[in-house]
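**Student:** File protein_33.txt follows (compact mmCIF, C-alpha atoms):
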```txt
# COMPACT_ATOMS: atom_id res chain seq x y z
CA MET A 1 37.20 12.81 -6.06
CA SER A 2 35.48 11.39 -2.99
CA GLU A 3 33.60 8.10 -3.09
CA ALA A 4 30.09 8.30 -4.56
CA PHE A 5 27.75 6.34 -2.28
CA ARG A 6 24.79 4.32 -3.51
CA ALA A 7 21.63 3.04 -1.83
CA PRO A 8 22.19 -0.33 -0.09
CA PRO A 9 21.32 -3.49 -2.06
CA GLY A 10 17.61 -4.23 -1.95
CA THR A 11 16.61 -0.61 -1.39
CA HIS A 12 15.67 2.13 -3.81
CA ASP A 13 15.10 5.86 -4.06
CA VAL A 14 11.77 7.22 -5.27
CA LEU A 15 12.12 10.58 -7.00
CA PHE A 16 9.63 12.89 -8.67
CA PRO A 17 7.69 12.31 -10.90
CA ASP A 18 7.47 8.68 -9.72
CA SER A 19 6.93 9.88 -6.16
CA ALA A 20 3.76 11.67 -7.29
CA ARG A 21 2.24 8.26 -8.00
CA TRP A 22 3.06 7.24 -4.43
CA GLU A 23 1.37 10.38 -3.13
CA ALA A 24 -1.71 9.64 -5.22
CA VAL A 25 -1.87 6.03 -3.96
CA ILE A 26 -1.50 7.03 -0.30
CA ALA A 27 -3.99 9.91 -0.61
CA THR A 28 -6.54 7.60 -2.25
CA PHE A 29 -6.08 5.00 0.49
CA ALA A 30 -6.27 7.59 3.29
CA SER A 31 -9.52 9.05 1.91
CA LEU A 32 -11.10 5.60 1.57
CA ALA A 33 -10.02 4.54 5.08
CA HIS A 34 -11.27 7.77 6.67
CA ARG A 35 -14.68 7.40 5.03
CA ALA A 36 -14.92 3.94 6.60
CA GLY A 37 -14.03 5.24 10.08
CA TYR A 38 -10.35 4.21 10.22
CA GLY A 39 -7.88 6.63 11.84
CA LEU A 40 -4.15 6.89 11.14
CA VAL A 41 -1.74 5.15 13.52
CA VAL A 42 2.02 5.79 13.39
CA ASN A 43 4.27 3.20 15.07
CA PRO A 44 8.04 3.02 15.70
CA ILE A 45 10.07 1.45 12.92
CA PHE A 46 11.71 -0.88 15.44
CA GLU A 47 10.17 -2.89 18.29
CA ASP A 48 11.17 -5.43 20.90
CA GLU A 49 11.94 -8.40 18.65
CA ARG A 50 9.50 -10.55 20.64
CA VAL A 51 6.60 -8.51 19.23
CA PHE A 52 7.31 -9.99 15.82
CA VAL A 53 8.53 -13.42 16.93
CA ARG A 54 5.36 -14.02 18.94
CA GLY A 55 3.18 -12.33 16.36
CA ILE A 56 4.25 -13.93 13.09
CA GLY A 57 5.63 -17.17 14.57
CA ALA A 58 9.15 -18.15 15.53
CA GLY A 59 9.20 -20.87 12.88
CA SER A 60 8.28 -18.62 9.97
CA ASP A 61 10.95 -17.68 7.45
CA VAL A 62 10.36 -14.00 8.19
CA ALA A 63 11.11 -14.40 11.91
CA SER A 64 13.88 -17.00 11.59
CA LYS A 65 15.74 -15.74 8.51
CA GLU A 66 14.59 -12.36 7.24
CA MET A 67 14.19 -10.01 10.21
CA TYR A 68 16.76 -7.30 10.79
CA ARG A 69 17.67 -7.80 14.46
CA PHE A 70 20.07 -5.77 16.54
CA GLU A 71 21.03 -4.97 20.12
CA ASP A 72 20.96 -1.31 21.14
CA ARG A 73 23.28 0.45 23.60
CA GLY A 74 20.99 -0.57 26.45
CA ALA A 75 21.40 -4.27 25.56
CA ARG A 76 17.79 -4.46 24.38
CA ARG A 77 17.04 -6.95 21.60
CA LEU A 78 15.19 -5.07 18.88
CA ALA A 79 14.07 -5.71 15.31
CA LEU A 80 13.14 -3.54 12.37
CA ARG A 81 9.49 -3.96 11.50
CA PRO A 82 9.01 -6.76 8.87
CA GLU A 83 5.23 -6.16 8.52
CA GLY A 84 2.58 -3.78 9.79
CA THR A 85 0.07 -5.76 11.85
CA ALA A 86 2.08 -6.78 14.92
CA SER A 87 3.14 -3.19 15.69
CA VAL A 88 -0.44 -1.94 15.47
CA VAL A 89 -1.61 -4.72 17.79
CA ARG A 90 1.19 -3.93 20.25
CA ALA A 91 -0.01 -0.30 20.28
CA PHE A 92 -3.56 -1.48 21.00
CA VAL A 93 -2.35 -3.63 23.89
CA GLN A 94 -0.26 -0.79 25.33
CA HIS A 95 -2.76 2.07 25.01
CA ARG A 96 -6.10 0.23 25.18
CA PRO A 97 -8.18 2.52 22.96
CA PRO A 98 -11.94 1.88 22.99
CA ALA A 99 -12.90 -1.16 20.93
CA PRO A 100 -13.68 -1.75 18.20
CA TRP A 101 -10.57 0.17 17.22
CA LYS A 102 -10.20 0.82 13.50
CA ALA A 103 -6.76 2.00 12.37
CA TRP A 104 -4.93 2.48 9.08
CA TYR A 105 -1.19 2.84 8.51
CA VAL A 106 1.47 3.54 5.91
CA THR A 107 4.93 2.32 6.83
CA PRO A 108 8.28 1.03 5.61
CA ALA A 109 8.93 -2.65 6.34
CA PHE A 110 12.23 -4.52 6.31
CA ARG A 111 13.07 -8.09 5.29
CA TYR A 112 16.44 -9.52 4.37
CA GLU A 113 15.39 -11.50 1.30
CA ARG A 114 16.52 -11.81 -2.28
CA PRO A 115 15.47 -8.62 -4.10
CA GLN A 116 13.02 -9.17 -6.95
CA ALA A 117 10.78 -7.01 -9.10
CA GLY A 118 8.58 -5.08 -6.72
CA ARG A 119 10.15 -6.77 -3.66
CA TYR A 120 12.81 -4.89 -1.75
CA ARG A 121 14.61 -5.33 1.55
CA GLN A 122 13.00 -2.05 2.50
CA HIS A 123 9.53 -1.97 1.05
CA HIS A 124 6.43 0.02 1.96
CA GLN A 125 3.01 -1.09 3.11
CA ILE A 126 -0.41 0.43 3.55
CA GLY A 127 -3.09 -1.39 5.48
CA VAL A 128 -5.93 -1.39 7.99
CA GLU A 129 -6.52 -3.22 11.26
CA ALA A 130 -9.90 -3.50 13.02
CA ILE A 131 -9.51 -4.81 16.58
CA GLY A 132 -12.18 -5.77 19.10
CA SER A 133 -14.97 -7.43 17.12
CA GLY A 134 -15.48 -10.97 15.85
CA ASP A 135 -18.44 -10.03 13.67
CA PRO A 136 -18.07 -11.58 10.19
CA ASP A 137 -19.57 -8.39 8.75
CA LEU A 138 -16.34 -6.67 9.80
CA ASP A 139 -14.42 -9.20 7.68
CA THR A 140 -16.68 -8.25 4.77
CA GLU A 141 -16.07 -4.53 5.37
CA VAL A 142 -12.31 -4.99 5.39
CA ILE A 143 -12.27 -7.11 2.24
CA ALA A 144 -14.61 -4.72 0.43
CA LEU A 145 -12.43 -1.78 1.45
CA ALA A 146 -9.36 -3.47 -0.05
CA TRP A 147 -11.28 -4.28 -3.22
CA GLN A 148 -12.57 -0.70 -3.59
CA PHE A 149 -9.06 0.65 -3.18
CA TYR A 150 -7.87 -1.29 -6.22
CA VAL A 151 -10.84 0.02 -8.17
CA ASP A 152 -10.10 3.59 -7.08
CA VAL A 153 -6.46 3.44 -8.23
CA GLY A 154 -7.56 2.11 -11.61
CA LEU A 155 -6.36 -1.48 -11.22
CA GLY A 156 -9.14 -3.43 -12.91
CA GLY A 157 -7.66 -6.91 -13.39
CA VAL A 158 -7.28 -7.93 -9.73
CA ASN A 159 -8.51 -11.37 -8.64
CA LEU A 160 -9.79 -11.94 -5.09
CA ARG A 161 -9.49 -15.32 -3.39
CA ILE A 162 -11.01 -16.01 0.02
CA GLY A 163 -10.84 -18.94 2.40
CA SER A 164 -11.06 -19.97 6.03
CA MET A 165 -8.22 -21.42 8.08
CA GLY A 166 -10.51 -22.49 10.91
CA ASP A 167 -9.74 -21.80 14.56
CA ALA A 168 -8.49 -23.53 17.71
CA THR A 169 -11.58 -25.75 17.69
CA CYS A 170 -11.20 -27.32 14.25
CA ARG A 171 -7.71 -26.57 12.93
CA PRO A 172 -5.73 -28.96 15.20
CA ALA A 173 -7.67 -31.99 13.93
CA PHE A 174 -7.22 -30.83 10.34
CA GLU A 175 -3.47 -30.35 10.83
CA ARG A 176 -3.19 -33.87 12.26
CA ALA A 177 -5.01 -35.29 9.24
CA LEU A 178 -2.84 -33.24 6.88
CA ARG A 179 0.37 -34.34 8.61
CA SER A 180 -0.70 -37.96 8.26
CA TRP A 181 -1.38 -37.47 4.56
CA LEU A 182 1.94 -35.65 4.04
CA ASP A 183 3.84 -38.40 5.83
CA ALA A 184 2.50 -40.87 3.29
CA ASN A 185 3.15 -38.59 0.30
CA MET A 186 6.43 -36.89 1.22
CA SER A 187 8.27 -38.09 -1.86
CA LYS A 188 5.82 -36.28 -4.15
CA LEU A 189 6.53 -32.82 -2.69
CA CYS A 190 9.03 -30.23 -3.91
CA ASN A 191 12.53 -30.19 -2.41
CA GLU A 192 11.69 -27.37 0.03
CA HIS A 193 8.50 -28.85 1.45
CA GLY A 194 9.74 -32.39 1.42
CA VAL A 195 11.93 -31.23 4.31
CA LYS A 196 9.70 -28.64 5.97
CA ALA A 197 6.25 -30.20 5.60
CA MET A 198 5.95 -31.47 9.16
CA ALA A 199 7.07 -28.21 10.75
CA ASN A 200 4.37 -26.17 9.00
CA PRO A 201 2.05 -28.46 7.04
CA LEU A 202 -0.40 -25.72 6.03
CA ARG A 203 2.27 -23.94 4.00
CA VAL A 204 2.47 -26.93 1.66
CA LEU A 205 -1.05 -26.17 0.44
CA ASP A 206 0.02 -22.72 -0.72
CA CYS A 207 3.21 -23.83 -2.46
CA LYS A 208 3.42 -22.59 -6.07
CA SER A 209 5.60 -25.47 -7.34
CA GLU A 210 4.02 -27.90 -9.77
CA GLU A 211 5.07 -30.90 -7.65
CA CYS A 212 3.29 -29.69 -4.52
CA ARG A 213 0.22 -28.45 -6.37
CA SER A 214 -0.24 -31.77 -8.15
CA ALA A 215 0.54 -33.85 -5.08
CA THR A 216 -1.85 -32.01 -2.76
CA GLU A 217 -4.88 -32.22 -5.07
CA SER A 218 -5.96 -35.25 -3.05
CA ALA A 219 -4.90 -33.85 0.34
CA PRO A 220 -7.49 -33.19 3.08
CA SER A 221 -9.36 -29.89 2.61
CA ILE A 222 -9.84 -27.37 5.40
CA SER A 223 -13.23 -26.43 3.95
CA GLU A 224 -14.49 -29.91 4.82
CA ALA A 225 -13.05 -29.77 8.34
CA LEU A 226 -14.48 -26.46 9.62
CA CYS A 227 -16.39 -26.59 12.88
CA PRO A 228 -19.99 -25.23 12.84
CA GLY A 229 -18.90 -21.86 14.22
CA CYS A 230 -16.19 -21.33 11.57
CA ALA A 231 -18.46 -22.62 8.79
CA GLU A 232 -21.22 -20.19 9.76
CA HIS A 233 -18.74 -17.32 10.06
CA PHE A 234 -17.36 -17.98 6.56
CA LYS A 235 -20.88 -18.32 5.14
CA ARG A 236 -21.79 -14.89 6.50
CA VAL A 237 -18.66 -13.35 4.97
CA ARG A 238 -19.52 -14.79 1.56
CA GLU A 239 -23.10 -13.56 1.84
CA GLY A 240 -21.81 -10.08 2.66
CA LEU A 241 -19.46 -9.98 -0.32
CA ASP A 242 -22.26 -11.21 -2.58
CA ALA A 243 -24.56 -8.47 -1.28
CA LEU A 244 -21.90 -5.82 -1.94
CA GLU A 245 -21.21 -7.29 -5.39
CA VAL A 246 -17.53 -7.86 -4.66
CA PRO A 247 -16.35 -10.67 -6.98
CA TYR A 248 -14.35 -13.48 -5.39
CA VAL A 249 -13.38 -17.13 -5.68
CA CYS A 250 -13.37 -19.51 -2.71
CA ASP A 251 -9.99 -21.24 -2.42
CA PRO A 252 -9.60 -23.96 0.24
CA ARG A 253 -5.84 -24.02 -0.47
CA LEU A 254 -5.41 -20.38 0.54
CA VAL A 255 -2.94 -20.16 3.43
CA ARG A 256 -1.40 -16.94 4.71
CA GLY A 257 2.27 -16.93 5.68
CA PHE A 258 2.01 -15.86 9.34
CA ASP A 259 0.96 -18.02 12.29
CA TYR A 260 -1.49 -15.46 13.68
CA TYR A 261 -4.22 -15.97 11.05
CA THR A 262 -7.52 -17.64 12.00
CA ARG A 263 -10.80 -18.09 10.17
CA THR A 264 -11.15 -15.69 7.21
CA THR A 265 -8.15 -15.20 4.93
CA PHE A 266 -7.97 -13.46 1.58
CA GLU A 267 -5.47 -12.55 -1.11
CA LEU A 268 -5.56 -10.27 -4.13
CA SER A 269 -3.45 -11.01 -7.18
CA SER A 270 -2.78 -9.53 -10.60
CA PRO A 271 -2.89 -11.74 -13.72
CA TYR A 272 -0.46 -9.29 -15.35
CA LEU A 273 2.41 -10.29 -13.02
CA ASP A 274 4.45 -13.48 -12.99
CA ALA A 275 2.32 -16.29 -11.55
CA ALA A 276 4.82 -17.11 -8.80
CA GLN A 277 4.94 -13.49 -7.60
CA ASN A 278 1.52 -12.10 -8.53
CA GLY A 279 0.23 -11.18 -5.08
CA VAL A 280 -0.60 -7.51 -4.60
CA GLY A 281 -2.14 -7.62 -1.13
CA GLY A 282 -3.96 -9.75 1.39
CA GLY A 283 -4.96 -10.29 4.97
CA GLY A 284 -7.50 -11.94 7.21
CA ARG A 285 -8.65 -12.50 10.74
CA TYR A 286 -6.20 -12.94 13.63
CA ASP A 287 -8.28 -13.52 16.73
CA GLY A 288 -5.46 -14.65 19.03
CA LEU A 289 -2.75 -12.09 18.30
CA VAL A 290 -3.81 -9.52 20.90
CA GLU A 291 -3.61 -12.17 23.63
CA ALA A 292 -0.22 -13.37 22.32
CA LEU A 293 1.13 -9.85 22.84
CA GLY A 294 -0.21 -9.56 26.39
CA GLY A 295 -3.65 -8.06 25.83
CA PRO A 296 -7.19 -9.22 26.64
CA PRO A 297 -9.05 -11.57 24.27
CA SER A 298 -9.77 -9.31 21.27
CA PRO A 299 -10.72 -10.67 17.86
CA ALA A 300 -9.33 -8.69 14.93
CA VAL A 301 -9.10 -8.53 11.15
CA GLY A 302 -7.02 -6.51 8.69
CA PHE A 303 -4.92 -6.46 5.54
CA GLY A 304 -1.65 -5.13 4.12
CA ILE A 305 -0.76 -3.97 0.61
CA GLY A 306 2.76 -3.44 -0.74
CA ILE A 307 3.01 -0.11 -2.54
CA GLU A 308 5.84 -1.23 -4.82
CA ARG A 309 3.93 -4.37 -5.87
CA LEU A 310 0.77 -2.34 -6.43
CA LEU A 311 2.52 0.13 -8.74
CA LEU A 312 4.25 -2.71 -10.58
CA ALA A 313 0.85 -4.27 -11.23
CA CYS A 314 -0.51 -0.92 -12.44
CA GLU A 315 2.34 -0.62 -14.92
CA ALA A 316 1.93 -4.20 -16.11
CA GLU A 317 -1.80 -3.71 -16.63
CA GLY A 318 -1.26 -0.43 -18.45
CA SER A 319 -3.30 1.47 -15.89
CA PRO A 320 -0.74 3.51 -13.95
CA ALA A 321 -2.00 5.02 -10.72
CA ARG A 322 -3.01 8.61 -11.23
CA ALA A 323 -0.20 11.07 -10.47
CA ALA A 324 -0.80 14.68 -9.60
CA ARG A 325 1.15 17.57 -11.13
CA LEU A 326 3.79 19.03 -8.90
CA VAL A 327 2.59 22.58 -9.65
CA ASP A 328 -0.27 24.13 -11.64
CA VAL A 329 1.32 27.50 -12.44
CA PHE A 330 4.86 28.62 -13.19
CA VAL A 331 5.60 32.33 -12.75
CA VAL A 332 8.16 33.68 -15.27
CA ASP A 333 9.66 37.00 -14.17
CA VAL A 334 12.43 38.70 -16.19
CA VAL A 335 12.38 42.03 -14.34
CA GLY A 336 14.13 41.30 -11.07
CA GLY A 337 12.09 38.53 -9.45
CA GLU A 338 9.83 40.66 -7.22
CA SER A 339 6.72 39.73 -9.21
CA ALA A 340 7.62 36.02 -9.11
CA ARG A 341 8.14 36.24 -5.35
CA ARG A 342 4.76 37.94 -4.88
CA TRP A 343 2.63 35.86 -7.24
CA THR A 344 3.92 32.44 -6.25
CA HIS A 345 3.04 33.41 -2.67
CA GLU A 346 -0.42 34.74 -3.58
CA LEU A 347 -1.26 31.73 -5.72
CA ARG A 348 -0.18 29.28 -3.01
CA LEU A 349 -2.33 31.11 -0.46
CA ALA A 350 -5.26 30.58 -2.84
CA GLY A 351 -4.58 26.82 -2.86
CA ILE A 352 -2.88 26.76 -6.27
CA GLY A 353 0.46 24.99 -6.75
CA ALA A 354 2.98 27.54 -8.03
CA ASP A 355 6.72 27.68 -8.66
CA ARG A 356 9.29 30.01 -10.19
CA ALA A 357 12.89 30.21 -11.40
CA PHE A 358 15.79 31.66 -9.44
CA ASP A 359 19.24 33.08 -10.19
CA GLY A 360 18.11 35.68 -12.75
CA ARG A 361 17.63 33.26 -15.64
CA SER A 362 16.69 34.42 -19.14
CA LEU A 363 13.15 34.27 -20.49
CA LYS A 364 14.02 31.27 -22.67
CA ALA A 365 15.57 29.39 -19.73
CA GLN A 366 12.60 30.15 -17.49
CA MET A 367 10.15 28.93 -20.12
CA ARG A 368 12.05 25.65 -20.36
CA LEU A 369 11.74 25.26 -16.60
CA ALA A 370 8.04 26.11 -16.81
CA ASP A 371 7.47 23.41 -19.40
CA ARG A 372 9.53 20.88 -17.43
CA SER A 373 7.54 21.58 -14.25
CA GLY A 374 4.38 20.09 -15.73
CA ALA A 375 2.43 23.27 -15.00
CA GLU A 376 -0.68 23.95 -17.05
CA ILE A 377 -0.19 27.72 -17.07
CA ALA A 378 2.70 30.18 -17.19
CA VAL A 379 2.24 33.65 -15.73
CA ILE A 380 4.74 35.93 -17.49
CA VAL A 381 5.88 39.32 -16.24
CA GLY A 382 8.20 41.37 -18.45
CA PRO A 383 9.06 45.12 -18.48
CA GLU A 384 5.92 46.11 -20.42
CA GLU A 385 3.58 43.99 -18.32
CA LYS A 386 5.04 45.26 -15.07
CA ALA A 387 4.81 48.92 -16.17
CA ALA A 388 1.14 48.45 -17.10
CA GLY A 389 0.24 46.55 -13.90
CA LYS A 390 -0.56 43.45 -15.90
CA ALA A 391 0.64 39.88 -16.42
CA ALA A 392 0.49 37.58 -19.44
CA ILE A 393 -1.14 34.18 -19.07
CA ARG A 394 0.02 31.43 -21.38
CA ARG A 395 -1.30 27.89 -21.49
CA LEU A 396 1.47 25.33 -21.69
CA ARG A 397 -0.65 22.22 -22.34
CA GLY A 398 -2.88 22.93 -25.34
CA GLY A 399 -5.14 25.89 -25.90
CA GLY A 400 -2.77 27.67 -28.23
CA GLY A 401 0.55 26.05 -27.37
CA ASP A 402 3.50 27.55 -25.59
CA ALA A 403 4.22 30.07 -28.36
CA THR A 404 1.00 32.05 -28.05
CA ILE A 405 0.17 34.46 -25.23
CA GLN A 406 -3.46 33.79 -24.43
CA GLU A 407 -4.36 37.00 -22.65
CA LEU A 408 -3.21 39.95 -20.60
CA VAL A 409 -4.88 40.44 -17.24
CA ASP A 410 -4.72 43.10 -14.56
CA THR A 411 -2.68 41.96 -11.61
CA ALA A 412 -5.64 42.80 -9.35
CA THR A 413 -7.59 39.91 -10.91
CA LEU A 414 -4.68 37.58 -11.70
CA VAL A 415 -5.33 34.95 -9.02
CA GLU A 416 -9.05 34.87 -9.80
CA ARG A 417 -8.44 34.48 -13.54
CA VAL A 418 -5.87 31.71 -13.07
CA SER A 419 -8.31 29.87 -10.82
CA VAL A 420 -11.00 30.04 -13.51
CA LEU A 421 -8.63 28.80 -16.23
CA LEU A 422 -7.45 25.88 -14.11
CA GLY A 423 -11.06 24.97 -13.42
CA ASP A 424 -11.79 24.93 -17.15
CA ILE A 425 -8.78 22.72 -17.79
CA SER A 426 -9.77 20.23 -15.07
CA VAL A 427 -13.25 19.95 -16.58
CA ARG A 428 -11.71 18.92 -19.89
```
Could you quickly redo this structure as structure tokens?

**Tutor:**
Amino acid sequence: MSEAFRAPPGTHDVLFPDSARWEAVIATFASLAHRAGYGLVVNPIFEDERVFVRGIGAGSDVASKEMYRFEDRGARRLALRPEGTASVVRAFVQHRPPAPWKAWYVTPAFRYERPQAGRYRQHHQIGVEAIGSGDPDLDTEVIALAWQFYVDVGLGGVNLRIGSMGDATCRPAFERALRSWLDANMSKLCNEHGVKAMANPLRVLDCKSEECRSATESAPSISEALCPGCAEHFKRVREGLDALEVPYVCDPRLVRGFDYYTRTTFELSSPYLDAAQNGVGGGGRYDGLVEALGGPPSPAVGFGIGIERLLLACEAEGSPARAARLVDVFVVDVVGGESARRWTHELRLAGIGADRAFDGRSLKAQMRLADRSGAEIAVIVGPEEKAAGKAAIRRLRGGGGDATIQELVDTATLVERVSVLLGDISVR
């Protein structure tokens, strides 16, 4: 027997019916993004590694430790995409679409990190990016869009935190003050940040360890260091969220993990997940990233959501994302298969999901397949039905059970009658 291969560590296969939940999530997100004027962008899975190094920061763990890097046959240094934003920005810089440019994406992302629940070395993200406007109302739109998406997928327990990281005017002075404070309090920090604090002092504020959280209670606060421009920008964002009745909490400790963030930042978390790994999405403004990748000054804002984390939160909350049936109708044909061939085709042309059995299976075997398919209705054609130009319609999910033929219909009206019955079922 030959070797049976398995998916690489940190990756996973998604099969039906679980994949139907993914379809439902992506379809919900696509519909919401389109209604807000965002168009789909599809980027390469790999880029020049400098796109990510410049974008997310050479000193970040993602760039320094977790990126999948390789050299191709042309001696080009490339990297698999670790997150969605930098690739979208690179596309904006290269193609220069009219601004403001509003794009949404769904993409795999790759990070070599320790696999955990909902975190894989190949995971999947959905997100939006709005490039070319510094208007704080655009921040509000993006945050409200993310919030509405969680509502639409039935995730009701999400908490939204917002903050401001300042900009090039006010952040340098704050970082100097924070470094000075950290230098005097280094012994109080956790083992990780006791070593790394000076390299990236902002990250200490977002540490989940009890040592860092207790120690930094008295640390300088970015909210007290914002310049007038950043303070007014953040005030307008809060006013917008209040007007749209999007609930949030201001968190001056909120720090995003990538160097490109400026001004508004936000995170969404689920109280049903472990506190250390409860994030289900987030984003913010990144007004300098376009310039860092060779483009003109172009303020921007966006967010990313991990699909695996989202579905894990849905399961933990007991509100699984809605999953569509694979098919609505299963055609059972025990007289040669011609009727099954015809009616699956006709039903599909009418926009109805339909399937059938193959290989000349018995009636009993075909009915088992019909039940397993998740279809609401079985259309059954036997010798008597075929001779009379009719078909039997049987409901498989209630309405008499799978042992009772509901009605015989003329084949001339079969598609119409099935459509009516499916409409009645959907109303219920």

**Student:** Atom CA of A:Ile352 and atom CA of A:Ala33 are how many Å apart?

**Tutor:** 26.0 Å

**Student:** Quick one: of A:Asp48, A:Asp333, A:Glu211, A:Glu239, who's nearest to A:Ser87, counting all atoms listed in the file?

**Tutor:** A:Asp48

**Student:** Find the distance between atom CA of A:Pro299 and atom CA of A:Val41 and write it in Å to one decimal.

**Tutor:**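 One can read the atom CA of A:Pro299 to atom CA of A:Val41 distance as 18.7 Å.
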
**Student:** Could you make a table, as CSV, of the residues of stretch 301-338 of chain A that have an atom within 9 Å of an atom of stretch 356-378 of chain A, each with its nearest atom pair and distance in Å to one decimal, counting only C-alpha atoms, in chain and number order?

**Tutor:**
```
residue,atom,partner,partner_atom,distance
A:Arg325,CA,A:Gly374,CA,6.2
A:Leu326,CA,A:Gly374,CA,6.9
A:Val327,CA,A:Ala375,CA,5.4
A:Asp328,CA,A:Ala375,CA,4.4
A:Val329,CA,A:Ile377,CA,4.9
A:Phe330,CA,A:Ala378,CA,4.8
A:Val331,CA,A:Arg356,CA,5.1
A:Val332,CA,A:Gln366,CA,6.1
A:Asp333,CA,A:Leu363,CA,7.7
A:Val334,CA,A:Leu363,CA,6.2
A:Val335,CA,A:Gly360,CA,8.7
A:Gly336,CA,A:Gly360,CA,7.1
A:Gly337,CA,A:Gly360,CA,7.4
```

**Student:** Using only C-alpha atoms, can you tell me which of A:Leu273, A:Val88, A:Leu138, A:Met67 comes closest to A:Val301?

**Tutor:**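 Between A:Leu273, A:Val88, A:Leu138, A:Met67, the residue approaching A:Val301 most closely is A:Leu138.
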
**Student:** Quick one: everything within 8 Å of A:Glu175, counting all atoms listed in the file, minus sequence neighbours fewer than 4 positions away in the same chain. Send it as a list in words.

**Tutor:**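 The neighbour list is Arg171, Arg179, Pro201 and Leu202 of chain A.
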
**Student:** Please write the residues from the selection above to a file, keeping C-alpha atoms, as a compact mmCIF listing (two decimals), keeping the file's coordinate frame.

**Tutor:**
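The file below, again08.txt, is the result:
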```txt
# COMPACT_ATOMS: atom_id res chain seq x y z
CA ARG A 171 -7.71 -26.57 12.93
CA ARG A 179 0.37 -34.34 8.61
CA PRO A 201 2.05 -28.46 7.04
CA LEU A 202 -0.40 -25.72 6.03
```

**Student:** Would you compute the distance between atom CA of A:Arg111 and atom CA of A:Ala4? Give it in Å to one decimal.

**Tutor:**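 Going from atom CA of A:Arg111 over to atom CA of A:Ala4 covers 25.6 Å.
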
**Student:** Can you pull out every residue within 7 Å of A:Cys170, counting only C-alpha atoms, but drop anything in the same chain fewer than 5 positions away, and send it as a VMD selection string?

**Tutor:** chain A and resid 225 to 227

**Student:** From the options A:Asp72, A:Glu129, A:Glu416, A:Asp137, which residue's atoms come nearest to A:Leu244, counting all atoms listed in the file?

**Tutor:**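 Selected residue with least distance to A:Leu244: A:Asp137.
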
**Student:** Would you list the residues near (0.3, -2.8, 1.9), meaning any protein, DNA or RNA residue with an atom at most 8 Å from that point in file coordinates, counting only C-alpha atoms, as a count of residues only?

**Tutor:** 11

**Student:** From the list A:Thr11, A:Asn185, A:Thr413, A:Ser319, which residue is nearest A:Ala109 when using all atoms listed in the file?

**Tutor:**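 Nearest to A:Ala109: A:Thr11.
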
**Student:** Go through A:Arg161, A:Lys102, A:Arg309, A:Arg417 and flag the residue nearest A:Ala36, using all atoms listed in the file for the distances.

**Tutor:**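 Answer, going by the shortest atom-to-atom distance: A:Lys102.
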
**Student:** Hey, can I get the axis-aligned box for stretch 6-13 of chain A? All listed atoms, 4 Å padding on each side, centre and edge lengths in Å to one decimal, as JSON.

**Tutor:**
```
{"center_x": 19.9, "center_y": 0.8, "center_z": -2.1, "size_x": 17.7, "size_y": 18.1, "size_z": 12.0}
```

**Student:** Fewer than 2 positions away in the same chain doesn't count, so skip those; otherwise give me all residues within 12 Å of A:Asp274, counting all atoms listed in the file, as a list in words.

**Tutor:** Gln116, Ala117, Gly118, Lys208, Ser269, Ser270, Pro271, Tyr272, Ala276, Gln277, Asn278, Gly279, Val280, Arg309, Leu312, Ala313 and Ala316 of chain A
